[in-house]
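Novice: Enclosed is the structure file upload27.pdb (PDB, C-alpha atoms, pLDDT in the B column).
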ATOM      1  CA  MET A1181     183.305-105.399-198.276  1.00 53.00           C
ATOM      2  CA  SER A1182     181.353-102.141-198.626  1.00 72.00           C
ATOM      3  CA  SER A1183     178.919-101.277-195.833  1.00 83.00           C
ATOM      4  CA  MET A1184     176.461 -99.633-198.250  1.00 89.00           C
ATOM      5  CA  PRO A1185     174.402-102.797-199.024  1.00 89.00           C
ATOM      6  CA  HIS A1186     174.157-103.563-195.298  1.00 90.00           C
ATOM      7  CA  ARG A1187     172.983-100.037-194.517  1.00 93.00           C
ATOM      8  CA  LEU A1188     170.502-100.081-197.379  1.00 95.00           C
ATOM      9  CA  PHE A1189     169.216-103.442-196.143  1.00 95.00           C
ATOM     10  CA  ARG A1190     168.658-102.028-192.650  1.00 95.00           C
ATOM     11  CA  LEU A1191     166.989 -98.898-194.012  1.00 96.00           C
ATOM     12  CA  LEU A1192     164.546-100.847-196.202  1.00 97.00           C
ATOM     13  CA  THR A1193     163.777-103.207-193.311  1.00 97.00           C
ATOM     14  CA  VAL A1194     163.032-100.321-190.962  1.00 96.00           C
ATOM     15  CA  VAL A1195     160.839 -98.557-193.546  1.00 97.00           C
ATOM     16  CA  TRP A1196     158.828-101.708-194.259  1.00 98.00           C
ATOM     17  CA  VAL A1197     158.424-103.033-190.736  1.00 98.00           C
ATOM     18  CA  GLY A1198     158.009 -99.566-189.229  1.00 97.00           C
ATOM     19  CA  SER A1199     155.246 -98.585-191.642  1.00 97.00           C
ATOM     20  CA  LEU A1200     153.601-101.997-191.259  1.00 97.00           C
ATOM     21  CA  LEU A1201     153.416-101.721-187.477  1.00 97.00           C
ATOM     22  CA  THR A1202     152.520 -98.022-187.432  1.00 97.00           C
ATOM     23  CA  ILE A1203     149.657 -98.232-189.919  1.00 97.00           C
ATOM     24  CA  GLY A1204     148.231-101.517-188.706  1.00 95.00           C
ATOM     25  CA  TYR A1205     148.505-101.116-184.965  1.00 97.00           C
ATOM     26  CA  ALA A1206     148.466 -97.343-184.373  1.00 97.00           C
ATOM     27  CA  VAL A1207     146.893 -95.438-187.265  1.00 97.00           C
ATOM     28  CA  ALA A1208     144.031 -97.783-188.210  1.00 96.00           C
ATOM     29  CA  PRO A1209     142.716 -98.177-184.641  1.00 96.00           C
ATOM     30  CA  VAL A1210     142.821 -94.400-184.144  1.00 97.00           C
ATOM     31  CA  LEU A1211     140.899 -93.890-187.388  1.00 96.00           C
ATOM     32  CA  PHE A1212     138.120 -96.197-186.229  1.00 95.00           C
ATOM     33  CA  THR A1213     137.851 -94.516-182.830  1.00 96.00           C
ATOM     34  CA  SER A1214     137.983 -90.976-184.273  1.00 97.00           C
ATOM     35  CA  LEU A1215     135.919 -91.127-187.459  1.00 95.00           C
ATOM     36  CA  ASP A1216     132.652 -92.661-188.546  1.00 91.00           C
ATOM     37  CA  ARG A1217     133.000 -96.260-189.689  1.00 85.00           C
ATOM     38  CA  MET A1218     132.600 -95.594-193.440  1.00 83.00           C
ATOM     39  CA  THR A1219     135.153 -92.763-193.516  1.00 90.00           C
ATOM     40  CA  ALA A1220     137.611 -94.663-191.315  1.00 91.00           C
ATOM     41  CA  GLY A1221     137.271 -97.735-193.538  1.00 86.00           C
ATOM     42  CA  ALA A1222     137.878 -95.710-196.698  1.00 86.00           C
ATOM     43  CA  VAL A1223     140.970 -94.010-195.264  1.00 94.00           C
ATOM     44  CA  ALA A1224     142.299 -97.259-193.822  1.00 92.00           C
ATOM     45  CA  ALA A1225     141.831 -99.004-197.177  1.00 89.00           C
ATOM     46  CA  GLN A1226     143.930 -96.306-198.873  1.00 93.00           C
ATOM     47  CA  LEU A1227     146.633 -96.562-196.217  1.00 95.00           C
ATOM     48  CA  PHE A1228     146.752-100.351-196.476  1.00 94.00           C
ATOM     49  CA  ARG A1229     147.004-100.054-200.267  1.00 93.00           C
ATOM     50  CA  ILE A1230     150.035 -97.774-199.843  1.00 95.00           C
ATOM     51  CA  GLU A1231     151.450-100.208-197.282  1.00 96.00           C
ATOM     52  CA  GLY A1232     150.985-103.030-199.796  1.00 95.00           C
ATOM     53  CA  VAL A1233     153.035-101.187-202.402  1.00 96.00           C
ATOM     54  CA  ILE A1234     155.719-100.374-199.814  1.00 97.00           C
ATOM     55  CA  GLY A1235     155.784-104.054-198.853  1.00 97.00           C
ATOM     56  CA  VAL A1236     156.207-105.309-202.389  1.00 97.00           C
ATOM     57  CA  VAL A1237     158.904-102.770-203.273  1.00 97.00           C
ATOM     58  CA  CYS A1238     160.842-103.292-200.037  1.00 98.00           C
ATOM     59  CA  GLY A1239     160.387-107.068-200.187  1.00 97.00           C
ATOM     60  CA  VAL A1240     161.734-107.394-203.715  1.00 97.00           C
ATOM     61  CA  LEU A1241     164.642-105.045-203.002  1.00 97.00           C
ATOM     62  CA  LEU A1242     165.467-106.844-199.743  1.00 97.00           C
ATOM     63  CA  LEU A1243     165.478-110.240-201.451  1.00 97.00           C
ATOM     64  CA  ALA A1244     167.805-108.882-204.125  1.00 96.00           C
ATOM     65  CA  LEU A1245     170.079-107.350-201.473  1.00 95.00           C
ATOM     66  CA  CYS A1246     170.098-110.620-199.518  1.00 94.00           C
ATOM     67  CA  ASN A1247     171.320-112.448-202.591  1.00 93.00           C
ATOM     68  CA  VAL A1248     174.046-109.853-203.178  1.00 92.00           C
ATOM     69  CA  LEU A1249     175.149-109.981-199.541  1.00 92.00           C
ATOM     70  CA  VAL A1250     175.156-113.786-199.417  1.00 92.00           C
ATOM     71  CA  ARG A1251     177.284-113.899-202.596  1.00 92.00           C
ATOM     72  CA  ARG A1252     179.715-111.478-200.910  1.00 89.00           C
ATOM     73  CA  GLY A1253     180.052-113.792-197.915  1.00 88.00           C
ATOM     74  CA  GLY A1254     177.328-112.401-195.651  1.00 86.00           C
ATOM     75  CA  ASP A1255     176.031-115.746-194.437  1.00 87.00           C
ATOM     76  CA  ALA A1256     173.903-114.025-191.777  1.00 88.00           C
ATOM     77  CA  TYR A1257     171.619-112.865-194.585  1.00 92.00           C
ATOM     78  CA  ARG A1258     171.002-116.401-195.859  1.00 91.00           C
ATOM     79  CA  ARG A1259     168.333-117.180-193.254  1.00 91.00           C
ATOM     80  CA  LEU A1260     166.770-113.720-193.543  1.00 95.00           C
ATOM     81  CA  ARG A1261     165.650-114.501-197.089  1.00 94.00           C
ATOM     82  CA  TRP A1262     163.028-116.898-195.729  1.00 94.00           C
ATOM     83  CA  LEU A1263     161.569-114.270-193.418  1.00 96.00           C
ATOM     84  CA  ILE A1264     161.427-111.749-196.251  1.00 97.00           C
ATOM     85  CA  ALA A1265     159.891-114.284-198.629  1.00 97.00           C
ATOM     86  CA  GLY A1266     157.234-115.096-196.025  1.00 97.00           C
ATOM     87  CA  MET A1267     156.473-111.403-195.518  1.00 98.00           C
ATOM     88  CA  LEU A1268     156.250-110.904-199.270  1.00 97.00           C
ATOM     89  CA  VAL A1269     153.798-113.799-199.631  1.00 97.00           C
ATOM     90  CA  CYS A1270     151.652-112.240-196.885  1.00 97.00           C
ATOM     91  CA  VAL A1271     151.654-108.898-198.714  1.00 96.00           C
ATOM     92  CA  LEU A1272     150.753-110.463-202.033  1.00 96.00           C
ATOM     93  CA  VAL A1273     147.913-112.525-200.581  1.00 95.00           C
ATOM     94  CA  GLY A1274     146.630-109.898-198.169  1.00 92.00           C
ATOM     95  CA  TYR A1275     146.763-106.820-200.341  1.00 90.00           C
ATOM     96  CA  PHE A1276     146.623-108.050-203.877  1.00 88.00           C
ATOM     97  CA  ALA A1277     144.437-111.149-203.581  1.00 93.00           C
ATOM     98  CA  LEU A1278     142.015-110.364-200.746  1.00 93.00           C
ATOM     99  CA  GLN A1279     141.771-106.554-200.852  1.00 90.00           C
ATOM    100  CA  PRO A1280     140.259-106.355-204.368  1.00 91.00           C
ATOM    101  CA  PHE A1281     137.402-108.610-203.231  1.00 92.00           C
ATOM    102  CA  MET A1282     136.902-106.538-200.083  1.00 91.00           C
ATOM    103  CA  ASN A1283     136.872-103.324-202.120  1.00 88.00           C
ATOM    104  CA  ALA A1284     134.335-104.795-204.553  1.00 91.00           C
ATOM    105  CA  LEU A1285     132.036-105.672-201.634  1.00 92.00           C
ATOM    106  CA  ARG A1286     132.478-102.188-200.155  1.00 88.00           C
ATOM    107  CA  ILE A1287     131.597-100.558-203.509  1.00 89.00           C
ATOM    108  CA  ALA A1288     128.595-102.842-204.024  1.00 91.00           C
ATOM    109  CA  ALA A1289     127.291-101.889-200.576  1.00 90.00           C
ATOM    110  CA  GLN A1290     127.798 -98.187-201.273  1.00 87.00           C
ATOM    111  CA  GLU A1291     125.933 -98.491-204.574  1.00 90.00           C
ATOM    112  CA  ALA A1292     123.084-100.110-202.630  1.00 90.00           C
ATOM    113  CA  GLY A1293     123.077 -97.036-200.363  1.00 88.00           C
ATOM    114  CA  THR A1294     124.607 -98.457-197.206  1.00 86.00           C
ATOM    115  CA  ASP A1295     127.961 -99.268-195.674  1.00 84.00           C
ATOM    116  CA  VAL A1296     129.345-102.763-196.007  1.00 86.00           C
ATOM    117  CA  GLY A1297     128.780-103.517-192.313  1.00 84.00           C
ATOM    118  CA  HIS A1298     125.026-103.112-192.710  1.00 87.00           C
ATOM    119  CA  SER A1299     124.693-104.740-196.120  1.00 90.00           C
ATOM    120  CA  VAL A1300     123.988-108.231-197.382  1.00 92.00           C
ATOM    121  CA  TYR A1301     127.739-108.454-197.973  1.00 90.00           C
ATOM    122  CA  ALA A1302     128.620-108.000-194.282  1.00 91.00           C
ATOM    123  CA  SER A1303     129.352-111.656-193.493  1.00 94.00           C
ATOM    124  CA  ARG A1304     131.461-112.200-196.624  1.00 94.00           C
ATOM    125  CA  PHE A1305     133.342-108.941-195.997  1.00 93.00           C
ATOM    126  CA  GLY A1306     133.885-109.935-192.355  1.00 92.00           C
ATOM    127  CA  MET A1307     135.317-113.300-193.358  1.00 95.00           C
ATOM    128  CA  LEU A1308     137.686-111.718-195.902  1.00 94.00           C
ATOM    129  CA  HIS A1309     138.666-109.053-193.378  1.00 93.00           C
ATOM    130  CA  GLY A1310     139.451-111.762-190.810  1.00 95.00           C
ATOM    131  CA  VAL A1311     141.625-113.721-193.240  1.00 95.00           C
ATOM    132  CA  SER A1312     143.358-110.507-194.307  1.00 94.00           C
ATOM    133  CA  SER A1313     143.990-109.627-190.649  1.00 95.00           C
ATOM    134  CA  VAL A1314     145.598-113.015-190.044  1.00 96.00           C
ATOM    135  CA  PHE A1315     147.971-112.470-192.991  1.00 97.00           C
ATOM    136  CA  TYR A1316     148.749-108.974-191.653  1.00 97.00           C
ATOM    137  CA  LEU A1317     149.510-110.401-188.204  1.00 97.00           C
ATOM    138  CA  ILE A1318     151.780-113.086-189.668  1.00 98.00           C
ATOM    139  CA  GLU A1319     153.564-110.463-191.780  1.00 98.00           C
ATOM    140  CA  SER A1320     153.996-108.292-188.669  1.00 98.00           C
ATOM    141  CA  LEU A1321     155.436-111.143-186.611  1.00 98.00           C
ATOM    142  CA  LEU A1322     157.820-112.079-189.432  1.00 98.00           C
ATOM    143  CA  GLY A1323     158.815-108.406-189.667  1.00 98.00           C
ATOM    144  CA  ILE A1324     159.592-108.243-185.949  1.00 98.00           C
ATOM    145  CA  ALA A1325     161.667-111.422-186.315  1.00 97.00           C
ATOM    146  CA  LEU A1326     163.475-109.856-189.291  1.00 97.00           C
ATOM    147  CA  VAL A1327     164.387-106.759-187.279  1.00 96.00           C
ATOM    148  CA  TRP A1328     165.420-108.935-184.329  1.00 95.00           C
ATOM    149  CA  LYS A1329     167.697-111.098-186.486  1.00 94.00           C
ATOM    150  CA  LEU A1330     169.346-108.241-188.401  1.00 92.00           C
ATOM    151  CA  PRO A1331     173.113-108.629-188.260  1.00 87.00           C
ATOM    152  CA  ALA A1332     174.378-106.263-185.556  1.00 78.00           C
ATOM    153  CA  GLY A1333     177.264-105.001-187.603  1.00 66.00           C
ATOM    154  CA  ILE A1334     179.690-105.907-190.275  1.00 59.00           C
ATOM    155  CA  ALA A1335     183.347-106.635-189.867  1.00 52.00           C
ATOM    156  CA  MET A1336     185.200-104.101-191.952  1.00 47.00           C
ATOM    157  CA  PRO A1337     188.834-104.881-192.635  1.00 44.00           C
ATOM    158  CA  VAL A1338     191.072-102.194-191.120  1.00 42.00           C
ATOM    159  CA  GLU A1339     193.922-101.076-193.347  1.00 45.00           C
ATOM    160  CA  GLN A1340     197.415-101.466-191.937  1.00 47.00           C
ATOM    161  CA  GLY A1341     198.319 -98.305-190.055  1.00 46.00           C
ATOM    162  CA  ALA A1342     194.957 -96.589-190.514  1.00 47.00           C
ATOM    163  CA  GLY A1343     193.865 -97.262-186.935  1.00 48.00           C
ATOM    164  CA  ARG A1344     197.152 -96.024-185.403  1.00 47.00           C
ATOM    165  CA  GLY A1345     197.195 -92.814-187.424  1.00 47.00           C
ATOM    166  CA  ALA A1346     193.574 -92.045-186.583  1.00 47.00           C
ATOM    167  CA  GLY A1347     194.289 -92.639-182.911  1.00 46.00           C
ATOM    168  CA  ARG A1348     197.238 -90.183-182.884  1.00 45.00           C
ATOM    169  CA  ALA A1349     195.288 -87.527-184.751  1.00 47.00           C
ATOM    170  CA  ALA A1350     192.358 -87.794-182.386  1.00 46.00           C
ATOM    171  CA  GLY A1351     194.510 -87.911-179.239  1.00 43.00           C
TER     172      GLY A1351
END
Take the structure in the file and give it back as structure tokens.
Specialist:
Amino acid sequence: MSSMPHRLFRLLTVVWVGSLLTIGYAVAPVLFTSLDRMTAGAVAAQLFRIEGVIGVVCGVLLLALCNVLVRRGGDAYRRLRWLIAGMLVCVLVGYFALQPFMNALRIAAQEAGTDVGHSVYASRFGMLHGVSSVFYLIESLLGIALVWKLPAGIAMPVEQGAGRGAGRAAG
């Protein structure tokens, strides 16, 4: 069995989970401590939009790769599909269901001449932000579980004589 699908699976997992954790738990907090609230919110919204696209692309590709690997006998990937599906649901709800409403409230507040935190939309925005944060946390925890449960390696069949010849050449 070729190791390429396994390596691609690991790479996509690391890109998705790494960007998820970096943006959500390192970059966004730094933005809000370094910039004014409106600017930090605008930049964070753009970063989370990019993260949403990364999540959907990686999630769909990972599910497809899981199916390929399971069909090729990689039973370790069977249970990973559920983690990926859960992460994908979190992305779809968090970024593509809740974010448009949050952005609409932010724009409405800006058109009224204030930031969303000081507008009549503050409580609604806060509630949506809280729900979105819960989905982000769940996605993050599922992502950590996905990385934790990644198969450590794959058993590659060794051709007869290949190991002995390589050992003599190296020694």
Novice: Would you kindly return, as JSON, numbers by chain, each protein, DNA or RNA residue with an atom no farther than 9 Å from any atom of A:Phe1281, considering only C-alpha atoms and excluding same-chain residues fewer than 5 positions away?
Specialist: {"A": [1286, 1305, 1308]}
Novice: Could you spell out the hits of the PyMOL selection byres ((chain A and resi 1249) around 12) on the shown file, as JSON, numbers by chain?
Specialist: {"A": [1181, 1182, 1183, 1184, 1185, 1186, 1187, 1188, 1189, 1242, 1243, 1244, 1245, 1246, 1247, 1248, 1250, 1251, 1252, 1253, 1254, 1255, 1256, 1257, 1258, 1259, 1260, 1261, 1331, 1334]}
Novice: With distances taken over all atoms listed in the file, which of A:Leu1278, A:Leu1227, A:Leu1317, A:Ile1234 is nearest to A:Val1194?
Specialist: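 Between A:Leu1278, A:Leu1227, A:Leu1317, A:Ile1234, the residue approaching A:Val1194 most closely is A:Ile1234.
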Novice: I need the residue nearest A:Gly1235 from this list: A:Ile1264, A:Val1271, A:Ala1288, A:Ala1222. Use all atoms listed in the file for the distance.
Specialist: A:Val1271
Novice: Go through A:Met1282, A:Leu1272, A:Ala1206, A:Met1218 and flag the residue nearest A:Gly1310, using all atoms listed in the file for the distances.
Specialist: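 Of all the options, A:Met1282 lies closest to A:Gly1310.
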Novice: Enumerate, as a compact mmCIF listing (two decimals) with C-alpha atoms, in the coordinates of the input, the residues matched when the PyMOL selection byres ((chain A and resi 1324) around 12) is run on the file above.
Specialist:
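Okay, this is what ended up in expr34.txt:
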# COMPACT_ATOMS: atom_id res chain seq x y z
CA THR A 1193 163.78 -103.21 -193.31
CA VAL A 1194 163.03 -100.32 -190.96
CA TRP A 1196 158.83 -101.71 -194.26
CA VAL A 1197 158.42 -103.03 -190.74
CA GLY A 1198 158.01 -99.57 -189.23
CA LEU A 1200 153.60 -102.00 -191.26
CA LEU A 1201 153.42 -101.72 -187.48
CA LEU A 1260 166.77 -113.72 -193.54
CA LEU A 1263 161.57 -114.27 -193.42
CA ILE A 1264 161.43 -111.75 -196.25
CA MET A 1267 156.47 -111.40 -195.52
CA LEU A 1317 149.51 -110.40 -188.20
CA ILE A 1318 151.78 -113.09 -189.67
CA GLU A 1319 153.56 -110.46 -191.78
CA SER A 1320 154.00 -108.29 -188.67
CA LEU A 1321 155.44 -111.14 -186.61
CA LEU A 1322 157.82 -112.08 -189.43
CA GLY A 1323 158.82 -108.41 -189.67
CA ALA A 1325 161.67 -111.42 -186.32
CA LEU A 1326 163.48 -109.86 -189.29
CA VAL A 1327 164.39 -106.76 -187.28
CA TRP A 1328 165.42 -108.94 -184.33
CA LYS A 1329 167.70 -111.10 -186.49
CA LEU A 1330 169.35 -108.24 -188.40
Novice: List every protein, DNA or RNA residue with an atom no more than 10 Å from (147.0, -101.3, -203.1) in the file's coordinates, counting only C-alpha atoms, and format the result as a ChimeraX atom specification.
Specialist: /A:1225-1234,1271-1272,1274-1276,1279-1280
Novice: Which one of A:Ala1289, A:Ile1203, A:Leu1192, A:Ala1208 sits closest to A:Gly1221 if you count all atoms listed in the file?
Specialist: A:Ala1208
Novice: For the point (138.9, -96.2, -189.6) in file coordinates, what residues are within 7 Å, counting all atoms listed in the file? Give the answer as a list in words?
Specialist: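 Using all atoms listed in the file, the matching residues come out as Ala1208, Pro1209, Val1210, Leu1211, Phe1212, Leu1215, Arg1217, Thr1219, Ala1220, Gly1221, Val1223 and Ala1224 of chain A.
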Novice: Could you tell me how far atom CA of A:Arg1304 sits from atom CA of A:Asp1216, in Å to one decimal place?
Specialist: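 Answer for the atom CA of A:Asp1216 to atom CA of A:Arg1304 separation: 21.2 Å.
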Novice: Mind pulling up the distance from atom CA of A:Arg1190 to atom CA of A:Ala1265?
Specialist: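 Here the two named atoms are 16.2 Å from each other.
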Novice: Please report the interatomic distance between atom CA of A:Leu1241 and atom CA of A:Val1311 in Å with one decimal.
Specialist: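 Answer for the atom CA of A:Leu1241 to atom CA of A:Val1311 separation: 26.5 Å.
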Novice: Take stretch 1211-1247 of chain A, bring it up to N, CA and C atoms, and give me the output as a tab-separated table (two decimals), keeping the file's coordinate frame.
Specialist:
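This is the output file out.tsv:
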chain	number	residue	atom	x	y	z
A	1211	LEU	N	141.90	-94.28	-186.39
A	1211	LEU	CA	140.90	-93.89	-187.39
A	1211	LEU	C	139.51	-94.37	-186.98
A	1212	PHE	N	139.43	-95.62	-186.55
A	1212	PHE	CA	138.12	-96.20	-186.23
A	1212	PHE	C	137.55	-95.68	-184.91
A	1213	THR	N	138.39	-95.12	-184.05
A	1213	THR	CA	137.85	-94.52	-182.83
A	1213	THR	C	137.57	-93.03	-183.02
A	1214	SER	N	138.13	-92.41	-184.07
A	1214	SER	CA	137.98	-90.98	-184.27
A	1214	SER	C	136.97	-90.59	-185.34
A	1215	LEU	N	136.77	-91.45	-186.32
A	1215	LEU	CA	135.92	-91.13	-187.46
A	1215	LEU	C	134.74	-92.09	-187.52
A	1216	ASP	N	133.74	-91.71	-188.33
A	1216	ASP	CA	132.65	-92.66	-188.55
A	1216	ASP	C	133.20	-93.86	-189.30
A	1217	ARG	N	132.52	-94.98	-189.17
A	1217	ARG	CA	133.00	-96.26	-189.69
A	1217	ARG	C	133.28	-96.24	-191.20
A	1218	MET	N	132.40	-95.62	-191.98
A	1218	MET	CA	132.60	-95.59	-193.44
A	1218	MET	C	133.84	-94.78	-193.82
A	1219	THR	N	133.99	-93.61	-193.21
A	1219	THR	CA	135.15	-92.76	-193.52
A	1219	THR	C	136.44	-93.43	-193.05
A	1220	ALA	N	136.43	-93.97	-191.84
A	1220	ALA	CA	137.61	-94.66	-191.32
A	1220	ALA	C	137.99	-95.84	-192.21
A	1221	GLY	N	136.99	-96.60	-192.65
A	1221	GLY	CA	137.27	-97.74	-193.54
A	1221	GLY	C	137.87	-97.30	-194.86
A	1222	ALA	N	137.36	-96.20	-195.41
A	1222	ALA	CA	137.88	-95.71	-196.70
A	1222	ALA	C	139.32	-95.23	-196.55
A	1223	VAL	N	139.61	-94.50	-195.48
A	1223	VAL	CA	140.97	-94.01	-195.26
A	1223	VAL	C	141.91	-95.18	-194.97
A	1224	ALA	N	141.47	-96.10	-194.14
A	1224	ALA	CA	142.30	-97.26	-193.82
A	1224	ALA	C	142.60	-98.08	-195.07
A	1225	ALA	N	141.61	-98.25	-195.94
A	1225	ALA	CA	141.83	-99.00	-197.18
A	1225	ALA	C	142.91	-98.34	-198.03
A	1226	GLN	N	142.90	-97.01	-198.11
A	1226	GLN	CA	143.93	-96.31	-198.87
A	1226	GLN	C	145.30	-96.49	-198.24
A	1227	LEU	N	145.36	-96.39	-196.91
A	1227	LEU	CA	146.63	-96.56	-196.22
A	1227	LEU	C	147.17	-97.99	-196.38
A	1228	PHE	N	146.30	-98.97	-196.30
A	1228	PHE	CA	146.75	-100.35	-196.48
A	1228	PHE	C	147.17	-100.62	-197.92
A	1229	ARG	N	146.58	-99.93	-198.87
A	1229	ARG	CA	147.00	-100.05	-200.27
A	1229	ARG	C	148.43	-99.51	-200.42
A	1230	ILE	N	148.68	-98.34	-199.81
A	1230	ILE	CA	150.04	-97.77	-199.84
A	1230	ILE	C	151.01	-98.72	-199.15
A	1231	GLU	N	150.61	-99.26	-198.01
A	1231	GLU	CA	151.45	-100.21	-197.28
A	1231	GLU	C	151.75	-101.45	-198.13
A	1232	GLY	N	150.77	-101.89	-198.91
A	1232	GLY	CA	150.99	-103.03	-199.80
A	1232	GLY	C	152.06	-102.75	-200.83
A	1233	VAL	N	152.02	-101.56	-201.41
A	1233	VAL	CA	153.04	-101.19	-202.40
A	1233	VAL	C	154.40	-101.09	-201.74
A	1234	ILE	N	154.45	-100.46	-200.56
A	1234	ILE	CA	155.72	-100.37	-199.81
A	1234	ILE	C	156.25	-101.78	-199.55
A	1235	GLY	N	155.37	-102.69	-199.15
A	1235	GLY	CA	155.78	-104.05	-198.85
A	1235	GLY	C	156.35	-104.78	-200.05
A	1236	VAL	N	155.71	-104.63	-201.19
A	1236	VAL	CA	156.21	-105.31	-202.39
A	1236	VAL	C	157.55	-104.73	-202.82
A	1237	VAL	N	157.65	-103.40	-202.85
A	1237	VAL	CA	158.90	-102.77	-203.27
A	1237	VAL	C	160.03	-103.14	-202.32
A	1238	CYS	N	159.79	-102.96	-201.02
A	1238	CYS	CA	160.84	-103.29	-200.04
A	1238	CYS	C	161.17	-104.78	-200.06
A	1239	GLY	N	160.15	-105.63	-200.17
A	1239	GLY	CA	160.39	-107.07	-200.19
A	1239	GLY	C	161.25	-107.52	-201.35
A	1240	VAL	N	160.95	-107.02	-202.53
A	1240	VAL	CA	161.73	-107.39	-203.72
A	1240	VAL	C	163.16	-106.87	-203.59
A	1241	LEU	N	163.30	-105.61	-203.16
A	1241	LEU	CA	164.64	-105.04	-203.00
A	1241	LEU	C	165.43	-105.77	-201.91
A	1242	LEU	N	164.78	-106.12	-200.81
A	1242	LEU	CA	165.47	-106.84	-199.74
A	1242	LEU	C	165.91	-108.24	-200.18
A	1243	LEU	N	165.06	-108.92	-200.94
A	1243	LEU	CA	165.48	-110.24	-201.45
A	1243	LEU	C	166.68	-110.11	-202.37
A	1244	ALA	N	166.67	-109.10	-203.23
A	1244	ALA	CA	167.80	-108.88	-204.12
A	1244	ALA	C	169.06	-108.56	-203.32
A	1245	LEU	N	168.93	-107.69	-202.31
A	1245	LEU	CA	170.08	-107.35	-201.47
A	1245	LEU	C	170.59	-108.56	-200.70
A	1246	CYS	N	169.68	-109.40	-200.21
A	1246	CYS	CA	170.10	-110.62	-199.52
A	1246	CYS	C	170.97	-111.47	-200.42
A	1247	ASN	N	170.54	-111.63	-201.66
A	1247	ASN	CA	171.32	-112.45	-202.59
A	1247	ASN	C	172.69	-111.85	-202.84
